[in-house]
>>> print(open('structure.cif').read())   # mmCIF, N, CA, C and O atoms
data_final
#
loop_
_atom_site.label_atom_id
_atom_site.label_comp_id
_atom_site.auth_asym_id
_atom_site.auth_seq_id
_atom_site.Cartn_x
_atom_site.Cartn_y
_atom_site.Cartn_z
N PHE I 27 0.82 -1.21 0.00
CA PHE I 27 0.00 0.00 0.00
C PHE I 27 0.85 1.26 0.00
O PHE I 27 0.32 2.34 -0.12
N ARG I 28 2.14 1.13 0.14
CA ARG I 28 3.01 2.30 0.14
C ARG I 28 3.38 2.77 -1.26
O ARG I 28 3.75 3.90 -1.45
N PHE I 29 3.31 1.86 -2.21
CA PHE I 29 3.80 2.17 -3.55
C PHE I 29 2.65 2.34 -4.52
O PHE I 29 1.64 1.65 -4.45
N GLY I 30 2.80 3.26 -5.44
CA GLY I 30 1.82 3.45 -6.49
C GLY I 30 0.48 3.98 -6.02
O GLY I 30 -0.52 3.78 -6.69
N ASN I 31 0.44 4.59 -4.86
CA ASN I 31 -0.80 5.15 -4.31
C ASN I 31 -1.91 4.11 -4.20
O ASN I 31 -3.09 4.45 -4.32
N LEU I 32 -1.57 2.88 -3.96
CA LEU I 32 -2.56 1.82 -3.83
C LEU I 32 -3.52 2.10 -2.67
O LEU I 32 -4.72 1.90 -2.79
N SER I 33 -2.99 2.61 -1.57
CA SER I 33 -3.85 2.94 -0.43
C SER I 33 -4.88 3.99 -0.80
O SER I 33 -6.06 3.86 -0.47
N GLN I 34 -4.46 5.01 -1.53
CA GLN I 34 -5.40 6.05 -1.95
C GLN I 34 -6.43 5.50 -2.92
O GLN I 34 -7.62 5.84 -2.84
N MET I 35 -6.02 4.63 -3.82
CA MET I 35 -6.96 4.04 -4.76
C MET I 35 -8.01 3.21 -4.02
O MET I 35 -9.20 3.29 -4.32
N PHE I 36 -7.57 2.44 -3.02
CA PHE I 36 -8.51 1.66 -2.23
C PHE I 36 -9.44 2.59 -1.44
O PHE I 36 -10.65 2.36 -1.40
N ALA I 37 -8.89 3.62 -0.83
CA ALA I 37 -9.70 4.54 -0.02
C ALA I 37 -10.76 5.24 -0.86
O ALA I 37 -11.93 5.32 -0.48
N ILE I 38 -10.37 5.75 -1.99
CA ILE I 38 -11.31 6.46 -2.87
C ILE I 38 -12.37 5.48 -3.39
O ILE I 38 -13.56 5.79 -3.37
N GLY I 39 -11.94 4.32 -3.82
CA GLY I 39 -12.88 3.33 -4.34
C GLY I 39 -13.88 2.89 -3.30
O GLY I 39 -15.08 2.78 -3.58
N MET I 40 -13.41 2.66 -2.09
CA MET I 40 -14.32 2.24 -1.04
C MET I 40 -15.26 3.38 -0.63
O MET I 40 -16.46 3.18 -0.47
N THR I 41 -14.71 4.58 -0.51
CA THR I 41 -15.53 5.73 -0.13
C THR I 41 -16.63 6.00 -1.14
O THR I 41 -17.80 6.16 -0.80
N GLU I 42 -16.25 6.02 -2.40
CA GLU I 42 -17.23 6.31 -3.45
C GLU I 42 -18.13 5.12 -3.75
O GLU I 42 -19.26 5.30 -4.21
N GLY I 43 -17.63 3.92 -3.48
CA GLY I 43 -18.37 2.74 -3.85
C GLY I 43 -19.37 2.22 -2.83
O GLY I 43 -20.32 1.54 -3.18
N ILE I 44 -19.15 2.56 -1.56
CA ILE I 44 -20.05 2.04 -0.53
C ILE I 44 -21.46 2.53 -0.79
O ILE I 44 -21.71 3.73 -0.91
N GLN I 45 -22.35 1.59 -0.91
CA GLN I 45 -23.78 1.81 -1.13
C GLN I 45 -24.10 2.52 -2.44
O GLN I 45 -25.20 3.02 -2.61
N HIS I 46 -23.16 2.56 -3.36
CA HIS I 46 -23.45 3.12 -4.68
C HIS I 46 -23.67 1.94 -5.63
O HIS I 46 -22.79 1.09 -5.78
N ARG I 47 -24.80 1.91 -6.29
CA ARG I 47 -25.21 0.76 -7.09
C ARG I 47 -24.32 0.50 -8.30
O ARG I 47 -24.25 -0.63 -8.79
N ALA I 48 -23.63 1.50 -8.79
CA ALA I 48 -22.77 1.31 -9.95
C ALA I 48 -21.29 1.31 -9.57
O ALA I 48 -20.53 0.45 -10.02
N VAL I 49 -20.88 2.28 -8.76
CA VAL I 49 -19.46 2.41 -8.42
C VAL I 49 -18.97 1.25 -7.56
O VAL I 49 -17.88 0.72 -7.79
N GLY I 50 -19.75 0.84 -6.58
CA GLY I 50 -19.34 -0.26 -5.70
C GLY I 50 -19.03 -1.54 -6.46
O GLY I 50 -17.92 -2.06 -6.35
N PRO I 51 -19.99 -2.04 -7.23
CA PRO I 51 -19.70 -3.25 -8.00
C PRO I 51 -18.56 -3.08 -9.01
O PRO I 51 -17.77 -4.01 -9.22
N ALA I 52 -18.44 -1.90 -9.60
CA ALA I 52 -17.33 -1.66 -10.55
C ALA I 52 -16.00 -1.72 -9.82
O ALA I 52 -15.02 -2.28 -10.34
N TRP I 53 -15.93 -1.16 -8.63
CA TRP I 53 -14.69 -1.18 -7.84
C TRP I 53 -14.35 -2.61 -7.44
O TRP I 53 -13.20 -3.04 -7.52
N VAL I 54 -15.36 -3.36 -7.02
CA VAL I 54 -15.13 -4.76 -6.65
C VAL I 54 -14.61 -5.52 -7.87
O VAL I 54 -13.63 -6.27 -7.77
N ASP I 55 -15.27 -5.34 -9.03
CA ASP I 55 -14.88 -6.06 -10.24
C ASP I 55 -13.49 -5.70 -10.75
O ASP I 55 -12.76 -6.56 -11.24
N ASN I 56 -13.14 -4.43 -10.65
CA ASN I 56 -11.91 -3.95 -11.30
C ASN I 56 -10.72 -3.72 -10.38
O ASN I 56 -9.60 -3.59 -10.87
N VAL I 57 -10.95 -3.66 -9.08
CA VAL I 57 -9.85 -3.42 -8.15
C VAL I 57 -9.76 -4.50 -7.08
O VAL I 57 -8.75 -5.19 -6.96
N LEU I 58 -10.83 -4.64 -6.30
CA LEU I 58 -10.75 -5.55 -5.15
C LEU I 58 -10.60 -7.01 -5.58
O LEU I 58 -9.68 -7.69 -5.11
N GLU I 59 -11.46 -7.51 -6.44
CA GLU I 59 -11.37 -8.91 -6.83
C GLU I 59 -10.08 -9.24 -7.58
O GLU I 59 -9.49 -10.30 -7.33
N PRO I 60 -9.59 -8.38 -8.47
CA PRO I 60 -8.29 -8.69 -9.07
C PRO I 60 -7.16 -8.76 -8.03
O PRO I 60 -6.24 -9.58 -8.16
N THR I 61 -7.23 -7.93 -7.01
CA THR I 61 -6.23 -7.96 -5.94
C THR I 61 -6.34 -9.27 -5.16
O THR I 61 -5.35 -9.96 -4.94
N VAL I 62 -7.56 -9.61 -4.77
CA VAL I 62 -7.78 -10.87 -4.05
C VAL I 62 -7.35 -12.05 -4.91
O VAL I 62 -6.70 -12.98 -4.43
N ASP I 63 -7.68 -12.02 -6.19
CA ASP I 63 -7.33 -13.11 -7.08
C ASP I 63 -5.82 -13.27 -7.23
O ASP I 63 -5.31 -14.40 -7.29
N ALA I 64 -5.10 -12.17 -7.27
CA ALA I 64 -3.63 -12.25 -7.36
C ALA I 64 -3.07 -12.92 -6.10
O ALA I 64 -2.19 -13.78 -6.20
N PHE I 65 -3.59 -12.53 -4.94
CA PHE I 65 -3.14 -13.17 -3.70
C PHE I 65 -3.56 -14.65 -3.70
O PHE I 65 -2.78 -15.51 -3.29
N ARG I 66 -4.78 -14.96 -4.14
CA ARG I 66 -5.27 -16.33 -4.18
C ARG I 66 -4.37 -17.21 -5.04
O ARG I 66 -3.99 -18.31 -4.65
N ARG I 67 -4.00 -16.70 -6.21
CA ARG I 67 -3.13 -17.47 -7.09
C ARG I 67 -1.77 -17.74 -6.44
O ARG I 67 -1.21 -18.83 -6.57
N ARG I 68 -1.25 -16.75 -5.75
CA ARG I 68 0.03 -16.95 -5.05
C ARG I 68 -0.11 -17.99 -3.95
O ARG I 68 0.75 -18.86 -3.79
N LEU I 69 -1.21 -17.92 -3.22
CA LEU I 69 -1.43 -18.91 -2.16
C LEU I 69 -1.66 -20.30 -2.75
O LEU I 69 -1.19 -21.30 -2.19
N ASP I 70 -2.36 -20.38 -3.88
CA ASP I 70 -2.54 -21.66 -4.56
C ASP I 70 -1.19 -22.29 -4.89
O ASP I 70 -1.01 -23.51 -4.77
N ALA I 71 -0.24 -21.49 -5.31
CA ALA I 71 1.10 -21.99 -5.62
C ALA I 71 1.77 -22.56 -4.37
O ALA I 71 2.44 -23.60 -4.43
N HIS I 72 1.59 -21.89 -3.24
CA HIS I 72 2.17 -22.40 -1.98
C HIS I 72 1.51 -23.72 -1.58
O HIS I 72 2.20 -24.63 -1.12
N VAL I 73 0.20 -23.82 -1.77
CA VAL I 73 -0.50 -25.08 -1.49
C VAL I 73 0.04 -26.18 -2.41
O VAL I 73 0.34 -27.29 -1.96
N ALA I 74 0.17 -25.89 -3.69
CA ALA I 74 0.64 -26.87 -4.67
C ALA I 74 2.03 -27.39 -4.34
O ALA I 74 2.36 -28.55 -4.58
N ARG I 75 2.88 -26.51 -3.77
CA ARG I 75 4.24 -26.92 -3.40
C ARG I 75 4.30 -27.59 -2.04
O ARG I 75 5.38 -27.97 -1.58
N GLY I 76 3.16 -27.69 -1.36
CA GLY I 76 3.13 -28.32 -0.04
C GLY I 76 3.61 -27.41 1.07
O GLY I 76 3.86 -27.87 2.18
N GLU I 77 3.74 -26.13 0.80
CA GLU I 77 4.20 -25.17 1.79
C GLU I 77 3.07 -24.64 2.65
O GLU I 77 3.30 -24.02 3.69
N MET I 78 1.84 -24.87 2.19
CA MET I 78 0.66 -24.34 2.86
C MET I 78 -0.40 -25.43 2.86
O MET I 78 -0.52 -26.17 1.88
N ARG I 79 -1.14 -25.53 3.95
CA ARG I 79 -2.17 -26.56 4.01
C ARG I 79 -3.28 -26.26 3.01
O ARG I 79 -3.54 -25.09 2.72
N PRO I 80 -3.93 -27.27 2.49
CA PRO I 80 -5.06 -27.04 1.59
C PRO I 80 -6.17 -26.28 2.32
O PRO I 80 -6.47 -26.56 3.49
N CYS I 81 -6.72 -25.31 1.64
CA CYS I 81 -7.76 -24.48 2.24
C CYS I 81 -8.47 -23.71 1.13
O CYS I 81 -8.09 -23.80 -0.03
N ASP I 82 -9.46 -22.94 1.50
CA ASP I 82 -10.11 -22.03 0.57
C ASP I 82 -9.17 -20.83 0.44
O ASP I 82 -9.16 -19.94 1.28
N THR I 83 -8.36 -20.84 -0.59
CA THR I 83 -7.32 -19.80 -0.71
C THR I 83 -7.90 -18.42 -0.99
O THR I 83 -7.25 -17.43 -0.70
N ARG I 84 -9.09 -18.34 -1.52
CA ARG I 84 -9.73 -17.02 -1.71
C ARG I 84 -10.04 -16.42 -0.34
O ARG I 84 -9.77 -15.25 -0.09
N SER I 85 -10.61 -17.23 0.56
CA SER I 85 -10.87 -16.74 1.92
C SER I 85 -9.57 -16.40 2.64
O SER I 85 -9.49 -15.40 3.35
N ALA I 86 -8.56 -17.23 2.45
CA ALA I 86 -7.26 -16.96 3.06
C ALA I 86 -6.68 -15.65 2.53
O ALA I 86 -6.09 -14.87 3.29
N ALA I 87 -6.84 -15.41 1.23
CA ALA I 87 -6.35 -14.15 0.65
C ALA I 87 -7.04 -12.95 1.29
O ALA I 87 -6.40 -11.95 1.62
N LEU I 88 -8.35 -13.04 1.47
CA LEU I 88 -9.08 -11.95 2.12
C LEU I 88 -8.60 -11.75 3.56
O LEU I 88 -8.45 -10.62 4.02
N ALA I 89 -8.36 -12.87 4.25
CA ALA I 89 -7.87 -12.80 5.63
C ALA I 89 -6.49 -12.16 5.70
O ALA I 89 -6.16 -11.48 6.68
N LEU I 90 -5.69 -12.37 4.69
CA LEU I 90 -4.36 -11.77 4.64
C LEU I 90 -4.43 -10.28 4.32
O LEU I 90 -3.74 -9.47 4.94
N ILE I 91 -5.28 -9.92 3.38
CA ILE I 91 -5.34 -8.54 2.88
C ILE I 91 -6.05 -7.58 3.83
O ILE I 91 -5.59 -6.46 4.05
N ALA I 92 -7.18 -7.99 4.39
CA ALA I 92 -8.05 -7.07 5.14
C ALA I 92 -7.33 -6.31 6.27
O ALA I 92 -7.46 -5.08 6.35
N PRO I 93 -6.57 -6.98 7.13
CA PRO I 93 -5.89 -6.22 8.18
C PRO I 93 -4.88 -5.21 7.64
O PRO I 93 -4.68 -4.14 8.22
N LEU I 94 -4.26 -5.53 6.52
CA LEU I 94 -3.30 -4.61 5.92
C LEU I 94 -4.00 -3.35 5.41
O LEU I 94 -3.49 -2.23 5.56
N VAL I 95 -5.19 -3.53 4.82
CA VAL I 95 -5.97 -2.41 4.33
C VAL I 95 -6.38 -1.51 5.50
O VAL I 95 -6.19 -0.29 5.46
N ILE I 96 -6.91 -2.12 6.55
CA ILE I 96 -7.37 -1.34 7.71
C ILE I 96 -6.21 -0.61 8.37
O ILE I 96 -6.32 0.58 8.72
N ALA I 97 -5.10 -1.27 8.56
CA ALA I 97 -3.94 -0.63 9.19
C ALA I 97 -3.44 0.54 8.35
O ALA I 97 -3.10 1.60 8.88
N SER I 98 -3.41 0.36 7.05
CA SER I 98 -2.97 1.43 6.16
C SER I 98 -3.92 2.61 6.23
O SER I 98 -3.50 3.77 6.34
N PHE I 99 -5.23 2.33 6.15
CA PHE I 99 -6.22 3.42 6.27
C PHE I 99 -6.06 4.13 7.61
O PHE I 99 -6.10 5.35 7.68
N HIS I 100 -5.93 3.36 8.67
CA HIS I 100 -5.81 3.93 10.02
C HIS I 100 -4.66 4.91 10.11
O HIS I 100 -4.81 6.02 10.61
N GLN I 101 -3.52 4.50 9.61
CA GLN I 101 -2.32 5.32 9.74
C GLN I 101 -2.25 6.47 8.74
O GLN I 101 -1.90 7.59 9.10
N ARG I 102 -2.59 6.21 7.49
CA ARG I 102 -2.37 7.19 6.44
C ARG I 102 -3.62 7.98 6.08
O ARG I 102 -3.65 9.20 6.14
N ASP I 103 -4.65 7.29 5.69
CA ASP I 103 -5.82 7.95 5.12
C ASP I 103 -6.76 8.54 6.17
O ASP I 103 -7.50 9.48 5.88
N LEU I 104 -6.74 8.01 7.39
CA LEU I 104 -7.62 8.51 8.45
C LEU I 104 -6.88 9.34 9.49
O LEU I 104 -7.50 9.83 10.43
N GLY I 105 -5.59 9.50 9.33
CA GLY I 105 -4.81 10.35 10.23
C GLY I 105 -4.48 9.74 11.58
O GLY I 105 -4.11 10.45 12.51
N GLY I 106 -4.60 8.43 11.70
CA GLY I 106 -4.32 7.78 12.98
C GLY I 106 -2.87 7.82 13.40
O GLY I 106 -2.56 7.63 14.58
N ALA I 107 -1.98 8.09 12.47
CA ALA I 107 -0.54 8.08 12.79
C ALA I 107 -0.17 9.10 13.85
O ALA I 107 0.75 8.87 14.64
N GLU I 108 -0.87 10.21 13.88
CA GLU I 108 -0.54 11.25 14.86
C GLU I 108 -0.95 10.85 16.27
O GLU I 108 -0.16 10.91 17.20
N ALA I 109 -2.19 10.45 16.46
CA ALA I 109 -2.69 10.15 17.80
C ALA I 109 -2.43 8.71 18.22
O ALA I 109 -2.29 8.42 19.41
N TYR I 110 -2.40 7.80 17.25
CA TYR I 110 -2.25 6.37 17.54
C TYR I 110 -1.24 5.75 16.61
O TYR I 110 -1.57 4.91 15.76
N PRO I 111 0.02 6.15 16.73
CA PRO I 111 1.03 5.67 15.79
C PRO I 111 1.19 4.15 15.87
O PRO I 111 1.09 3.54 16.93
N LEU I 112 1.42 3.58 14.70
CA LEU I 112 1.61 2.15 14.56
C LEU I 112 2.80 1.93 13.64
O LEU I 112 2.88 2.54 12.58
N ASP I 113 3.71 1.11 14.07
CA ASP I 113 4.85 0.76 13.22
C ASP I 113 4.32 -0.22 12.17
O ASP I 113 4.13 -1.41 12.45
N LEU I 114 4.05 0.30 10.97
CA LEU I 114 3.45 -0.53 9.93
C LEU I 114 4.36 -1.69 9.51
O LEU I 114 3.86 -2.78 9.21
N ASP I 115 5.65 -1.47 9.49
CA ASP I 115 6.56 -2.57 9.14
C ASP I 115 6.45 -3.71 10.15
O ASP I 115 6.39 -4.88 9.78
N LEU I 116 6.41 -3.36 11.43
CA LEU I 116 6.26 -4.37 12.47
C LEU I 116 4.88 -5.04 12.38
O LEU I 116 4.77 -6.25 12.52
N PHE I 117 3.85 -4.23 12.13
CA PHE I 117 2.51 -4.78 11.98
C PHE I 117 2.46 -5.80 10.85
O PHE I 117 1.92 -6.91 11.00
N VAL I 118 3.01 -5.45 9.70
CA VAL I 118 3.01 -6.34 8.54
C VAL I 118 3.78 -7.62 8.87
O VAL I 118 3.31 -8.73 8.57
N ALA I 119 4.94 -7.49 9.48
CA ALA I 119 5.74 -8.67 9.82
C ALA I 119 5.01 -9.58 10.81
O ALA I 119 4.99 -10.80 10.64
N THR I 120 4.39 -8.99 11.82
CA THR I 120 3.65 -9.77 12.81
C THR I 120 2.43 -10.45 12.19
O THR I 120 2.15 -11.62 12.46
N HIS I 121 1.72 -9.72 11.36
CA HIS I 121 0.55 -10.28 10.69
C HIS I 121 0.96 -11.42 9.76
O HIS I 121 0.33 -12.49 9.76
N ALA I 122 2.00 -11.22 8.99
CA ALA I 122 2.48 -12.26 8.08
C ALA I 122 2.93 -13.50 8.85
O ALA I 122 2.62 -14.63 8.46
N GLU I 123 3.61 -13.28 9.96
CA GLU I 123 4.07 -14.40 10.79
C GLU I 123 2.88 -15.21 11.31
O GLU I 123 2.87 -16.44 11.26
N GLY I 124 1.85 -14.53 11.78
CA GLY I 124 0.66 -15.21 12.26
C GLY I 124 -0.08 -15.94 11.14
O GLY I 124 -0.57 -17.06 11.32
N PHE I 125 -0.14 -15.31 9.97
CA PHE I 125 -0.79 -15.94 8.82
C PHE I 125 -0.05 -17.22 8.43
O PHE I 125 -0.67 -18.27 8.23
N VAL I 126 1.25 -17.15 8.33
CA VAL I 126 2.05 -18.32 7.95
C VAL I 126 1.90 -19.41 9.00
O VAL I 126 1.72 -20.59 8.66
N ARG I 127 1.91 -19.04 10.27
CA ARG I 127 1.77 -20.04 11.34
C ARG I 127 0.39 -20.71 11.24
O ARG I 127 0.27 -21.91 11.40
N GLY I 128 -0.65 -19.94 10.94
CA GLY I 128 -1.99 -20.48 10.87
C GLY I 128 -2.25 -21.34 9.64
O GLY I 128 -3.06 -22.26 9.69
N TYR I 129 -1.58 -21.05 8.54
CA TYR I 129 -1.84 -21.76 7.29
C TYR I 129 -0.70 -22.66 6.84
O TYR I 129 -0.79 -23.25 5.76
N ARG I 130 0.34 -22.78 7.63
CA ARG I 130 1.47 -23.60 7.20
C ARG I 130 1.05 -25.05 7.02
O ARG I 130 0.07 -25.51 7.60
N ALA I 131 1.80 -25.74 6.21
CA ALA I 131 1.54 -27.15 5.97
C ALA I 131 1.74 -27.91 7.27
O ALA I 131 2.67 -27.63 8.03
N ILE I 132 0.86 -28.84 7.50
CA ILE I 132 0.95 -29.66 8.72
C ILE I 132 1.75 -30.91 8.41
O ILE I 132 1.42 -31.66 7.48
N ASP I 133 2.83 -31.09 9.15
CA ASP I 133 3.67 -32.28 8.96
C ASP I 133 2.99 -33.48 9.60
O ASP I 133 2.46 -33.41 10.70
N ASP I 134 3.02 -34.59 8.88
CA ASP I 134 2.42 -35.83 9.42
C ASP I 134 3.39 -36.55 10.31
O ASP I 134 4.53 -36.56 10.23
#
>>> encode(input="structure.cif", output="structure tokens")
Amino acid sequence: FRFGNLSQMFAIGMTEGIQHRAVGPAWVDNVLEPTVDAFRRRLDAHVARGEMRPCDTRSAALALIAPLVIASFHQRDLGGAEAYPLDLDLFVATHAEGFVRGYRAIDD
């Protein structure tokens, strides 16, 4: 979310799209679902290599992405960095570590 104004694109799309009959579905079709699908495909590759347990990788992708979106909005787009600073690098590392621990392949 730091590069290419991805955070701003998500913020604008969500703001304009919430409860809008045309913009919301267009944003989902053209931004959110392609993002989720890219993560899903990457997770599918990890499952195929035995690095990740079999699961609904689309749901896993959403579980991976959602906290990152909220943390980014909190710190950057909503101004939370001033009153409630969060080390985003540490947050990302901690979240990724928990995700990997939760979805890692189970050794028999």
>>> residues_around(input="structure.cif", residues="Leu114 of chain I", least_positions_apart="5", cutoff="12 Å", atoms="only C-alpha atoms", output="MDAnalysis selection string")
chainID I and resid 27:28 93:102 106:107 119:122
>>> residues_around(input="structure.cif", residues="Pro51 of chain I", least_positions_apart="6", cutoff="12 Å", atoms="only C-alpha atoms", output="number ranges by chain")
I: 39-40, 42-45, 57-59
>>> residues_around(input="structure.cif", residues="Arg67 of chain I", least_positions_apart="6", cutoff="12 Å", atoms="only C-alpha atoms", output="PyMOL selection string")
chain I and resi 59-61+73-74+82-87
>>> atom_distance(input="structure.cif", atom1="atom C of Gly30 of chain I", atom2="atom CA of Asp103 of chain I")
13.4 Å
>>> closest_residue(input="structure.cif", among="I:Leu116, I:Asp63, I:Gly50, I:Arg130", to="Gly76 of chain I", atoms="all atoms listed in the file")
I:Arg130
>>> resolve_selection(input="structure.cif", expression="the PyMOL selection byres ((chain I and resi 132) around 7)", output="list in words")
Gly76, Glu77, Met78, Arg79, Tyr129, Arg130, Ala131, Asp133 and Asp134 of chain I
>>> select_by_dssp(input="structure.cif", residues="chain I", states="alpha helix (DSSP H)", output="PyMOL selection string")
chain I and resi 32-43+49-53+59-74+83-98+106-109+114-129
>>> closest_residue(input="structure.cif", among="I:Arg68, I:Phe125, I:Glu108, I:Trp53", to="Ala89 of chain I", atoms="only N, CA, C and O atoms")
I:Phe125
>>> atom_distance(input="structure.cif", atom1="atom N of Ile91 of chain I", atom2="atom N of Arg47 of chain I")
24.8 Å
>>> axis_aligned_box(input="structure.cif", around="segment 86-91 of chain I", padding_each_side="4 Å", output="AutoDock Vina command-line options")
--center_x -6.4 --center_y -11.8 --center_z 3.7 --size_x 13.3 --size_y 18.8 --size_z 14.0
